[in-house]
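*Asks:* Structure file run.txt (compact mmCIF, C-alpha atoms) right here:
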# COMPACT_ATOMS: atom_id res chain seq x y z
CA MET A 1 0.00 0.00 0.00
CA SER A 2 3.03 2.33 -0.11
CA HIS A 3 2.25 5.53 -1.97
CA ASP A 4 4.82 7.53 -3.88
CA VAL A 5 4.45 10.97 -2.31
CA THR A 6 6.14 12.86 -5.14
CA HIS A 7 3.79 11.45 -7.77
CA THR A 8 1.72 14.13 -9.49
CA ARG A 9 -1.50 12.89 -11.00
CA THR A 10 -2.29 13.59 -14.64
CA GLN A 11 -5.35 15.71 -15.38
CA GLN A 12 -7.38 12.58 -16.24
CA GLU A 13 -6.28 10.74 -13.09
CA TYR A 14 -7.07 13.82 -11.05
CA GLU A 15 -10.56 14.18 -12.50
CA TYR A 16 -11.22 10.47 -12.04
CA ASP A 17 -10.15 10.63 -8.36
CA ARG A 18 -12.28 13.71 -7.77
CA LYS A 19 -15.31 11.98 -9.28
CA ARG A 20 -14.71 8.95 -7.06
CA ALA A 21 -14.33 11.20 -4.00
CA ASN A 22 -17.62 12.92 -4.84
CA LEU A 23 -19.40 9.57 -5.15
CA GLY A 24 -17.86 8.49 -1.85
CA MET A 25 -19.08 11.64 -0.14
CA ARG A 26 -22.61 11.12 -1.52
CA ASN A 27 -22.43 7.61 -0.07
CA GLN A 28 -21.48 9.06 3.34
CA VAL A 29 -24.53 11.35 3.28
CA THR A 30 -26.74 8.32 2.54
CA VAL A 31 -25.18 6.52 5.53
CA PHE A 32 -25.88 9.60 7.66
CA ALA A 33 -29.53 9.63 6.57
CA LEU A 34 -29.78 5.96 7.55
CA MET A 35 -28.29 6.69 11.00
CA ILE A 36 -30.75 9.56 11.57
CA PHE A 37 -33.58 7.23 10.54
CA LEU A 38 -32.44 4.49 13.00
CA THR A 39 -32.13 7.05 15.81
CA PHE A 40 -35.60 8.39 15.08
CA ILE A 41 -37.17 4.91 15.07
CA ALA A 42 -35.38 4.04 18.34
CA PHE A 43 -36.73 7.11 20.16
CA ALA A 44 -40.20 6.71 18.63
CA SER A 45 -40.49 3.04 19.62
CA VAL A 46 -39.65 3.90 23.25
CA GLN A 47 -42.12 6.81 23.25
CA ALA A 48 -44.84 4.58 21.77
CA GLY A 49 -44.88 2.61 25.03
CA MET A 50 -44.63 -0.91 23.57
CA SER A 51 -43.45 -3.90 25.62
CA ALA A 52 -39.91 -3.47 26.97
CA TYR A 53 -39.12 -7.07 25.95
CA LEU A 54 -39.76 -6.11 22.33
CA VAL A 55 -38.27 -2.60 22.31
CA ALA A 56 -35.04 -3.28 24.26
CA PRO A 57 -33.56 -5.85 21.81
CA LEU A 58 -34.73 -3.70 18.88
CA ILE A 59 -32.99 -0.51 20.02
CA LEU A 60 -29.83 -2.46 20.96
CA LEU A 61 -29.79 -3.89 17.43
CA PHE A 62 -30.24 -0.38 15.97
CA ALA A 63 -27.34 0.88 18.13
CA ALA A 64 -25.11 -1.95 16.88
CA VAL A 65 -26.02 -1.20 13.24
CA GLN A 66 -25.43 2.51 13.76
CA VAL A 67 -22.01 1.91 15.33
CA ALA A 68 -21.06 -0.45 12.49
CA LEU A 69 -22.03 2.25 9.94
CA GLN A 70 -19.99 4.81 11.86
CA LEU A 71 -16.91 2.53 11.94
CA TYR A 72 -17.10 1.14 8.40
CA TYR A 73 -18.04 4.37 6.62
CA PHE A 74 -17.30 7.49 8.72
CA MET A 75 -14.11 5.93 10.15
CA HIS A 76 -13.18 4.35 6.77
CA TRP A 77 -12.98 0.65 7.70
CA SER A 78 -14.57 -0.22 4.34
CA GLU A 79 -11.42 1.15 2.64
CA LYS A 80 -8.22 -0.86 2.26
CA GLY A 81 -5.56 -1.11 4.97
CA HIS A 82 -7.70 -1.14 8.12
CA GLY A 83 -6.96 -4.71 9.23
CA MET A 84 -5.00 -3.71 12.33
CA ALA A 85 -7.62 -1.13 13.32
CA GLN A 86 -10.30 -3.82 13.10
CA PHE A 87 -8.15 -6.31 15.00
CA PHE A 88 -7.69 -3.95 17.96
CA MET A 89 -11.29 -2.73 17.98
CA TYR A 90 -12.82 -6.21 17.70
CA SER A 91 -10.52 -7.42 20.52
CA ALA A 92 -11.64 -4.43 22.62
CA ALA A 93 -15.30 -5.15 21.79
CA PHE A 94 -14.87 -8.76 22.90
CA ILE A 95 -13.39 -7.68 26.27
CA ALA A 96 -16.09 -5.02 26.63
CA PHE A 97 -18.86 -7.54 25.97
CA THR A 98 -17.42 -10.06 28.47
CA MET A 99 -17.12 -7.38 31.16
CA ILE A 100 -20.64 -6.04 30.69
CA LEU A 101 -22.06 -9.57 30.63
CA ALA A 102 -20.28 -10.36 33.92
CA PHE A 103 -21.47 -7.18 35.64
CA ILE A 104 -25.12 -7.53 34.67
CA THR A 105 -25.31 -11.22 35.59
CA ILE A 106 -23.27 -11.83 38.75
CA ILE A 107 -23.23 -8.54 40.75
CA TRP A 108 -26.73 -9.07 42.24
CA TRP A 109 -26.68 -12.86 42.10
CA MET B 1 10.93 13.72 2.56
CA ASP B 2 10.38 17.28 3.75
CA LEU B 3 7.11 17.40 5.63
CA LYS B 4 6.60 21.05 4.73
CA THR B 5 6.60 20.45 0.94
CA LYS B 6 3.91 22.57 -0.74
CA PHE B 7 1.24 20.63 -2.61
CA THR B 8 -1.34 21.36 -5.26
CA PRO B 9 -4.65 19.45 -5.41
CA GLN B 10 -3.09 17.46 -8.26
CA SER B 11 0.13 16.47 -6.45
CA TRP B 12 -1.65 15.86 -3.12
CA PRO B 13 -1.64 12.08 -2.35
CA ALA B 14 -4.96 10.23 -2.30
CA HIS B 15 -4.42 9.20 1.35
CA PRO B 16 -2.43 12.07 2.89
CA GLU B 17 -2.95 10.69 6.42
CA ASN B 18 -0.95 7.55 5.51
CA ALA B 19 1.47 9.02 2.97
CA THR B 20 4.31 9.38 5.49
CA LEU B 21 5.73 6.84 7.92
CA GLU B 22 4.84 9.20 10.75
CA GLY B 23 1.24 9.33 9.54
CA LYS B 24 1.04 5.52 9.28
CA ASN B 25 2.44 5.06 12.79
CA LYS B 26 0.12 7.67 14.23
CA THR B 27 -2.94 6.05 12.70
CA LEU B 28 -2.02 2.60 13.99
CA GLY B 29 -1.17 3.97 17.46
CA PHE B 30 -4.42 5.87 17.55
CA TRP B 31 -6.47 2.75 16.81
CA ILE B 32 -4.70 0.94 19.67
CA PHE B 33 -5.63 3.92 21.88
CA LEU B 34 -9.26 3.73 20.71
CA GLY B 35 -9.28 0.02 21.61
CA GLY B 36 -8.18 1.01 25.12
CA GLU B 37 -10.86 3.70 25.25
CA THR B 38 -13.47 1.10 24.28
CA VAL B 39 -12.48 -1.03 27.28
CA LEU B 40 -12.46 2.07 29.54
CA PHE B 41 -16.04 2.91 28.55
CA ALA B 42 -17.05 -0.74 28.88
CA THR B 43 -16.04 -0.67 32.57
CA LEU B 44 -18.11 2.48 33.10
CA PHE B 45 -21.13 1.04 31.25
CA ALA B 46 -20.87 -2.22 33.22
CA THR B 47 -20.73 -0.30 36.52
CA PHE B 48 -23.69 1.85 35.55
CA LEU B 49 -25.77 -1.17 34.50
CA ALA B 50 -24.97 -2.92 37.78
CA LEU B 51 -25.80 0.12 39.94
CA LYS B 52 -28.62 1.88 38.11
CA ASN B 53 -31.71 2.41 40.27
CA LYS B 54 -29.93 0.55 43.07
CA GLY B 55 -28.26 1.59 46.27
CA PRO B 56 -28.59 1.40 50.02
CA ASN B 57 -30.07 4.89 50.21
CA GLY B 58 -31.34 7.77 48.11
CA MET B 59 -33.77 5.69 46.08
CA GLU B 60 -36.15 8.62 45.54
CA PHE B 61 -34.49 9.05 42.11
CA SER B 62 -34.76 6.61 39.23
CA THR B 63 -33.90 6.67 35.54
CA GLN B 64 -37.64 6.80 34.79
CA SER B 65 -38.29 9.88 36.94
CA LEU B 66 -35.13 11.77 35.94
CA PHE B 67 -34.59 11.41 32.19
CA GLU B 68 -36.26 13.63 29.58
CA LEU B 69 -36.21 11.97 26.15
CA PRO B 70 -36.67 15.18 24.07
CA LEU B 71 -33.42 16.58 25.53
CA ALA B 72 -31.54 13.33 24.85
CA PHE B 73 -32.96 13.33 21.29
CA ILE B 74 -31.73 16.86 20.55
CA MET B 75 -28.29 16.06 22.00
CA THR B 76 -28.12 12.91 19.83
CA MET B 77 -29.02 14.86 16.68
CA LEU B 78 -26.40 17.53 17.42
CA LEU B 79 -23.63 14.99 17.94
CA LEU B 80 -24.65 12.82 14.98
CA THR B 81 -24.74 15.86 12.67
CA SER B 82 -21.33 16.99 13.95
CA SER B 83 -20.04 13.55 12.98
CA LEU B 84 -21.18 14.16 9.38
CA THR B 85 -19.68 17.66 9.28
CA SER B 86 -16.30 16.23 10.29
CA VAL B 87 -16.65 13.70 7.43
CA TYR B 88 -17.12 16.73 5.14
CA ALA B 89 -13.97 18.25 6.64
CA MET B 90 -11.99 15.09 5.81
CA TYR B 91 -13.49 15.04 2.29
CA HIS B 92 -12.07 18.54 1.71
CA MET B 93 -8.78 17.55 3.37
CA LYS B 94 -8.36 14.78 0.79
CA ASN B 95 -9.18 17.30 -2.00
CA HIS B 96 -6.51 19.66 -0.58
CA ASN B 97 -9.07 22.40 0.08
CA PHE B 98 -7.75 23.89 3.32
CA LYS B 99 -10.34 26.68 3.75
CA ALA B 100 -13.32 24.37 3.27
CA MET B 101 -11.80 21.86 5.71
CA GLN B 102 -11.31 24.55 8.38
CA ALA B 103 -14.87 25.81 7.82
CA TRP B 104 -16.41 22.34 8.26
CA ILE B 105 -14.35 21.76 11.40
CA ALA B 106 -15.65 25.09 12.72
CA VAL B 107 -19.22 23.86 12.10
CA THR B 108 -18.34 20.62 13.92
CA VAL B 109 -17.03 22.62 16.89
CA VAL B 110 -20.20 24.75 17.04
CA LEU B 111 -22.42 21.63 17.06
CA GLY B 112 -20.18 20.04 19.70
CA LEU B 113 -20.45 23.15 21.87
CA GLY B 114 -24.25 22.96 21.54
CA PHE B 115 -24.14 19.35 22.75
CA LEU B 116 -21.87 20.27 25.65
CA GLY B 117 -24.12 23.19 26.66
CA LEU B 118 -27.16 20.89 26.82
CA GLU B 119 -25.23 18.30 28.86
CA ILE B 120 -24.15 20.96 31.37
CA TYR B 121 -27.77 22.15 31.56
CA GLU B 122 -28.92 18.56 32.16
CA PHE B 123 -26.40 17.94 34.97
CA TYR B 124 -27.19 21.32 36.53
CA HIS B 125 -30.90 20.45 36.46
CA TYR B 126 -30.35 17.05 38.15
CA VAL B 127 -28.08 18.53 40.84
CA HIS B 128 -30.73 21.17 41.47
CA LEU B 129 -33.28 18.37 42.06
CA GLY B 130 -30.90 16.78 44.60
CA PHE B 131 -29.55 13.98 42.36
CA THR B 132 -25.81 14.51 42.86
CA PHE B 133 -22.61 12.50 42.44
CA THR B 134 -22.49 11.58 46.15
CA GLN B 135 -26.26 11.08 46.59
CA SER B 136 -26.25 7.37 45.72
CA ALA B 137 -24.26 4.62 43.99
CA PHE B 138 -26.62 5.13 41.03
CA GLY B 139 -25.71 8.84 40.97
CA SER B 140 -21.98 8.12 41.08
CA SER B 141 -22.14 5.59 38.25
CA PHE B 142 -24.35 7.87 36.11
CA TYR B 143 -22.15 10.96 36.43
CA THR B 144 -18.95 8.94 35.96
CA LEU B 145 -20.20 7.34 32.72
CA VAL B 146 -21.91 10.34 31.11
CA GLY B 147 -19.36 12.78 32.60
CA THR B 148 -16.39 10.83 31.18
CA HIS B 149 -18.06 11.03 27.77
CA GLY B 150 -18.59 14.78 28.33
CA LEU B 151 -14.89 15.12 29.19
CA HIS B 152 -14.05 13.43 25.89
CA VAL B 153 -16.26 15.97 24.10
CA ILE B 154 -14.36 18.82 25.82
CA ILE B 155 -11.01 17.26 24.83
CA GLY B 156 -12.20 16.72 21.24
CA LEU B 157 -13.39 20.34 20.96
CA ALA B 158 -10.13 21.71 22.42
CA TRP B 159 -8.20 19.47 20.01
CA PHE B 160 -10.11 20.78 16.95
CA ILE B 161 -9.80 24.42 18.09
CA LEU B 162 -6.05 24.14 18.73
CA LEU B 163 -5.51 22.47 15.33
CA MET B 164 -7.49 25.19 13.55
CA LEU B 165 -5.60 28.00 15.29
CA ARG B 166 -2.14 26.45 15.08
CA ASN B 167 -2.41 25.66 11.37
CA SER B 168 -4.53 28.65 10.26
CA LYS B 169 -1.61 30.34 8.44
CA ARG B 170 0.24 27.15 7.61
CA GLY B 171 -2.12 25.58 5.10
CA LEU B 172 -2.38 21.85 4.52
CA ASN B 173 0.74 19.68 4.29
CA LEU B 174 1.77 16.12 5.07
CA TYR B 175 2.84 17.22 8.55
CA ASN B 176 -0.58 18.34 9.72
CA ALA B 177 -2.90 16.20 7.54
CA PRO B 178 -2.56 13.14 9.87
CA LYS B 179 -3.26 15.41 12.86
CA TYR B 180 -6.58 16.53 11.38
CA TYR B 181 -7.42 12.96 10.37
CA LEU B 182 -6.85 11.60 13.90
CA ALA B 183 -8.84 14.42 15.52
CA SER B 184 -11.77 13.53 13.26
CA LEU B 185 -11.41 9.81 14.13
CA TYR B 186 -11.54 10.78 17.82
CA TRP B 187 -14.68 12.80 17.19
CA HIS B 188 -16.36 9.83 15.45
CA PHE B 189 -15.40 7.63 18.39
CA ILE B 190 -17.09 10.10 20.75
CA ASP B 191 -20.23 9.68 18.65
CA VAL B 192 -19.90 5.87 18.76
CA VAL B 193 -19.84 6.01 22.57
CA TRP B 194 -22.81 8.36 22.60
CA VAL B 195 -24.87 5.94 20.47
CA PHE B 196 -24.53 3.42 23.32
CA ILE B 197 -25.18 6.07 25.98
CA PHE B 198 -28.42 7.27 24.44
CA THR B 199 -29.56 3.68 23.85
CA VAL B 200 -28.44 1.98 27.08
CA VAL B 201 -28.67 4.86 29.58
CA TYR B 202 -31.52 7.05 28.31
CA LEU B 203 -33.80 4.90 26.15
CA MET B 204 -33.48 1.68 28.19
CA GLY B 205 -33.56 3.75 31.40
CA VAL B 206 -36.98 5.08 30.46
CA LEU B 207 -38.21 1.64 29.31
CA ASP B 208 -38.18 -0.54 32.43
Spell out the structure here as structure tokens.
*Replies:*
Amino acid sequence: MSHDVTHTRTQQEYEYDRKRANLGMRNQVTVFALMIFLTFIAFASVQAGMSAYLVAPLILLFAAVQVALQLYYFMHWSEKGHGMAQFFMYSAAFIAFTMILAFITIIWW
Amino acid sequence: MDLKTKFTPQSWPAHPENATLEGKNKTLGFWIFLGGETVLFATLFATFLALKNKGPNGMEFSTQSLFELPLAFIMTMLLLTSSLTSVYAMYHMKNHNFKAMQAWIAVTVVLGLGFLGLEIYEFYHYVHLGFTFTQSAFGSSFYTLVGTHGLHVIIGLAWFILLMLRNSKRGLNLYNAPKYYLASLYWHFIDVVWVFIFTVVYLMGVLD
């Protein structure tokens, strides 16, 4: 993945890259719209006063999806060269999950 | 390679944050740091979940009686929008458009300040009601979790402001591009943590 820093793009390459960047940015705005939509549904389903056993798993799922969108698109995991980032974050998520599971199950045994 | 080399949009590398060895190392180190931050917040979430609405005394307060969803909703929208504006800033960074990048970071800072203002208002309101840090185990765990996130927001805002001021006359080069990139990653991470706070603390707090 090493990039030659002194390389100057030709006009065609430059225009092609700009077009790709524009498409990528449009994609990011779509992801943002999706995140706003998930947030809105999460708040609305709690306000609607449905059963907690239905709403709680639903909003946790929405949170997980929203975080995945944030990581893969806003924080660029969907682009090349993010293997180490994913390795560290998935390891951290595993530890986090284990810890939270322990605290909510055995503290008030 | 001289880090202060002047670039044009055409000679600017496609991934300026990783174009230098320093940039590559910083990015990797920052992701290790974010992994550590994830575990830090996990301990605070776990403690809050174990202690919420529980304690030997001071049980006149509960998540149901305290939290106001409209306020949490507005705070969520502010922070989520500020996440998008920092994506715009990075889009302009990669196009070597320094002014547009600075402008979008300024918008991000304004939205972040709005979020921070509402959080201070919220804490002030709770303390006024008598729900303080020392009032109960529930209070301690709530303020530690949400307050640590608020501290991260303050650090993120200070980081953005210092970057904008320090580099205002310098323009964009391969020395400061990774700095801007990492600050924006940090800001996204703050939003990631907030997604769990509004879901687990506020929404699920109101549910039970």
*Asks:* Could you produce a table of the residues of chain B lying within 7 Å of chain A, with the nearest pair of atoms per residue and their separation in Å rounded to one decimal, using all atoms listed in the file, ordered by chain and increasing residue number, as a Markdown table?
*Replies:*
| residue | atom | partner | partner_atom | distance |
| --- | --- | --- | --- | --- |
| B:Gln10 | CA | A:Arg9 | CA | 5.6 |
| B:Ser11 | CA | A:Thr8 | CA | 4.2 |
| B:Pro13 | CA | A:Val5 | CA | 6.2 |
| B:Ala19 | CA | A:His3 | CA | 6.1 |
| B:Leu28 | CA | A:Ala85 | CA | 6.8 |
| B:Trp31 | CA | A:Ala85 | CA | 5.3 |
| B:Ile32 | CA | A:Phe88 | CA | 6.0 |
| B:Gly35 | CA | A:Met89 | CA | 5.0 |
| B:Gly36 | CA | A:Ala92 | CA | 6.9 |
| B:Thr38 | CA | A:Ala92 | CA | 6.1 |
| B:Val39 | CA | A:Ala96 | CA | 5.4 |
| B:Ala42 | CA | A:Ala96 | CA | 4.9 |
| B:Thr43 | CA | A:Met99 | CA | 6.9 |
| B:Ala46 | CA | A:Ile100 | CA | 4.6 |
| B:Thr47 | CA | A:Phe103 | CA | 7.0 |
| B:Leu49 | CA | A:Ile104 | CA | 6.4 |
| B:Ala50 | CA | A:Ile104 | CA | 5.6 |
| B:Leu84 | CA | A:Phe32 | CA | 6.8 |
| B:Val87 | CA | A:Phe74 | CA | 6.4 |
| B:Tyr91 | CA | A:Met25 | CA | 7.0 |
| B:Leu185 | CA | A:Met75 | CA | 6.2 |
| B:His188 | CA | A:Met75 | CA | 7.0 |
| B:Val192 | CA | A:Val67 | CA | 5.6 |
| B:Val195 | CA | A:Ala63 | CA | 6.1 |
| B:Phe196 | CA | A:Ala63 | CA | 6.4 |
| B:Thr199 | CA | A:Ile59 | CA | 6.6 |
| B:Leu203 | CA | A:Val46 | CA | 6.6 |
| B:Met204 | CA | A:Ala56 | CA | 6.5 |
| B:Leu207 | CA | A:Ala52 | CA | 5.9 |
| B:Asp208 | CA | A:Ala52 | CA | 6.4 |
*Asks:* So how many Å separate CA of Gly112 in chain B and CA of Leu79 in chain B, to one decimal?
*Replies:* 6.4 Å
*Asks:* Grab the CA of Lys54 in chain B to CA of Ile74 in chain B distance for me, in Å with one decimal place.
*Replies:* 27.9 Å
*Asks:* What separation in Å, quoted to one decimal, exists between CA of Tyr72 in chain A and CA of Pro70 in chain B?
*Replies:*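 Between these atoms lies a distance of 28.7 Å.
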*Asks:* So that I can check the surroundings of range 146-157 of chain B, please list as a PyMOL selection string every protein, DNA and RNA residue that reaches within 10 Å of it, counting only C-alpha atoms and ignoring chain neighbours fewer than 5 positions away.
*Replies:* chain B and resi 40-41+44-45+48+79+105-106+108-113+115-116+119-120+123+141+162-163+183-191+193-194+197-198+201
*Asks:* Using all atoms listed in the file, pick whichever of A:Leu23, A:Gln12, A:Ile41, A:Thr30 has the shortest atom-to-atom distance to Phe73 in chain B.
*Replies:* A:Ile41
*Asks:* Find the spatial neighbours of Leu129 in chain B, counting all atoms listed in the file, within a cut-off of 10 Å - ignore same-chain residues fewer than 5 positions away - and output them as a ChimeraX atom specification.
*Replies:* /B:61,66,123-124
*Asks:* My list of candidates is B:Leu51, B:Leu118, B:Ala100, B:Leu21. Which is closest to Ser140 in chain B when distances are computed with only C-alpha atoms?
*Replies:*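 Between B:Leu51, B:Leu118, B:Ala100, B:Leu21, the residue approaching Ser140 in chain B most closely is B:Leu51.
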*Asks:* Which residue is closest to Val65 in chain A? Choose from A:Asn27, A:Gly83, A:Leu38, A:Tyr16 and count all atoms listed in the file.
*Replies:*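 Nearest candidate to Val65 in chain A out of A:Asn27, A:Gly83, A:Leu38, A:Tyr16: A:Leu38.
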*Asks:* So, counting only C-alpha atoms, which residue among B:Tyr121, B:Val200, B:Leu34, B:Met90 is closest to Pro16 in chain B?
*Replies:* B:Met90
*Asks:* I want to know what sits within 12 Å of Lys99 in chain B, based on all atoms listed in the file, with residues of the same chain fewer than 2 positions away left out; could you give that as an NGL selection string?
*Replies:* :B and (89-90 or 92-93 or 95-97 or 101-106 or 164 or 167-172)
*Asks:* Using all atoms listed in the file, which residue out of B:Met77, B:Val127, B:Ile161, B:Ala14 lies closest to Gly139 in chain B?
*Replies:*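 Ranked by minimum distance to Gly139 in chain B, first place goes to B:Val127.
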*Asks:* Which one is closest to Ala137 in chain B: B:Asn18, B:Trp12, B:Asn53, B:Lys4? Count all atoms listed in the file.
*Replies:* B:Asn53
